[in-house]
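Single-structure report; data block below.
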Amino acid sequence: MRFELQKNLLNRFYQLTHIFTILFAAVWIVAPLVTIFIIEEAPTKVFAVFIGAVIVLSILFTVYLLWHSQKYTQSLEYQVEDNILFIQEGVFTYQRKSIPLDRVTDIRMVQTLLMRWVGIWRIHVQTAGVGVAGPEGVLWAVESPKAIRQQLLALRHQAVMGEQVQPAA
């Protein structure tokens, strides 16, 4: 059983996150440096070169972040086969996690303010005894997240009870 993703909404979420990050950096990094230039009465040419370099680096960083978010969104894939949840993700480092459903202890739905604004959820899949502080698996922007959560809980229950799990059509 493969889960469908809301890739356009997830990509929009990542783009907004990157824009807010760049704006935050501009306020907390560039503004104090501009103030130092003004207080030190630096030559206009040095100031113009500094501002130009900051603008060019910001544009390059923004282009990279937008490219990376697009590629990362395209790489996401979630599916359940034989009582195992598979999570595939990555751009430079590709990962495939395998989470046995009989080890799952909690399945939480999380929606931050920005995620609510965009209209996506993420589902945290927690297992026992992993030694990891956060969830072992995260499902981003799946279609029908409440139904997916209920389906995962039902599959988990069947796996724990030792019944054969029949994938949904």
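Convention: chains lettered A, B, ... in structure tokens order; per-chain residue numbering from 1; ligands numbered from 1 as shown.
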Skip segment 97-109 of chain A itself and residues of its chain fewer than 5 positions away, then list as an MDAnalysis selection string all residues within 10 Å of it, counting only C-alpha atoms.
chainID A and resid 78:89 121:130 135:139 145:146 149:150 152:162
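Taking only segment 73-105 of chain A, the residues that DSSP calls helix (DSSP H, G or I) from the backbone come to A:Thr73, A:Gln74, A:Ser75, A:Leu101, A:Asp102, A:Arg103.
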Write out the residues from the selection above, keeping C-alpha atoms, as a PDB file, in the first residue's frame.
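As a result, selection-v5.pdb now contains:
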ATOM      1  CA  THR A  73       9.821  16.674  -1.986  1.00  0.00           C
ATOM      2  CA  GLN A  74      10.192  14.565  -5.134  1.00  0.00           C
ATOM      3  CA  SER A  75      12.272  11.976  -3.251  1.00  0.00           C
ATOM      4  CA  LEU A 101       4.438  -2.088  12.540  1.00  0.00           C
ATOM      5  CA  ASP A 102       4.416  -4.422  15.565  1.00  0.00           C
ATOM      6  CA  ARG A 103       7.076  -2.177  17.198  1.00  0.00           C
TER       7      ARG A 103
END
Leu76 of chain A proximity check over A:Pro32, A:Gly134, A:Gly90, A:Gly52, using only C-alpha atoms: winner is A:Gly90
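Atom CA of Ala141 of chain A lies 11.3 Å from atom CA of Tyr14 of chain A.
Minimum distance to Ile55 of chain A across A:His68, A:Met1, A:Glu77, A:Val30 (counting only C-alpha atoms) occurs at A:Val30.
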Find the residues around Glu143 of chain A up to 8 Å (only C-alpha atoms counted), leave out those fewer than 2 positions away in its own chain, and share them as a PyMOL selection string.
chain A and resi 3-6+141+145+148
So, counting only C-alpha atoms, which residue among A:Gln95, A:Asn8, A:Ser58, A:Ser69 is closest to Gly119 of chain A?
A:Asn8
Please report the interatomic distance between atom CA of Val110 of chain A and atom CA of Leu10 of chain A in Å with one decimal.
14.0 Å
May I have all residues of segment 1-167 of chain A that DSSP, computed from the backbone, assigns to strand (DSSP E), given as a count of residues only?
36
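What separates atom CA of Leu114 of chain A from atom CA of Val56 of chain A is a distance of 27.6 Å.
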Using only C-alpha atoms, which of the listed residues (A:Leu33, A:Leu60, A:Val54, A:Leu113) sits closest to Thr17 of chain A?
A:Leu113
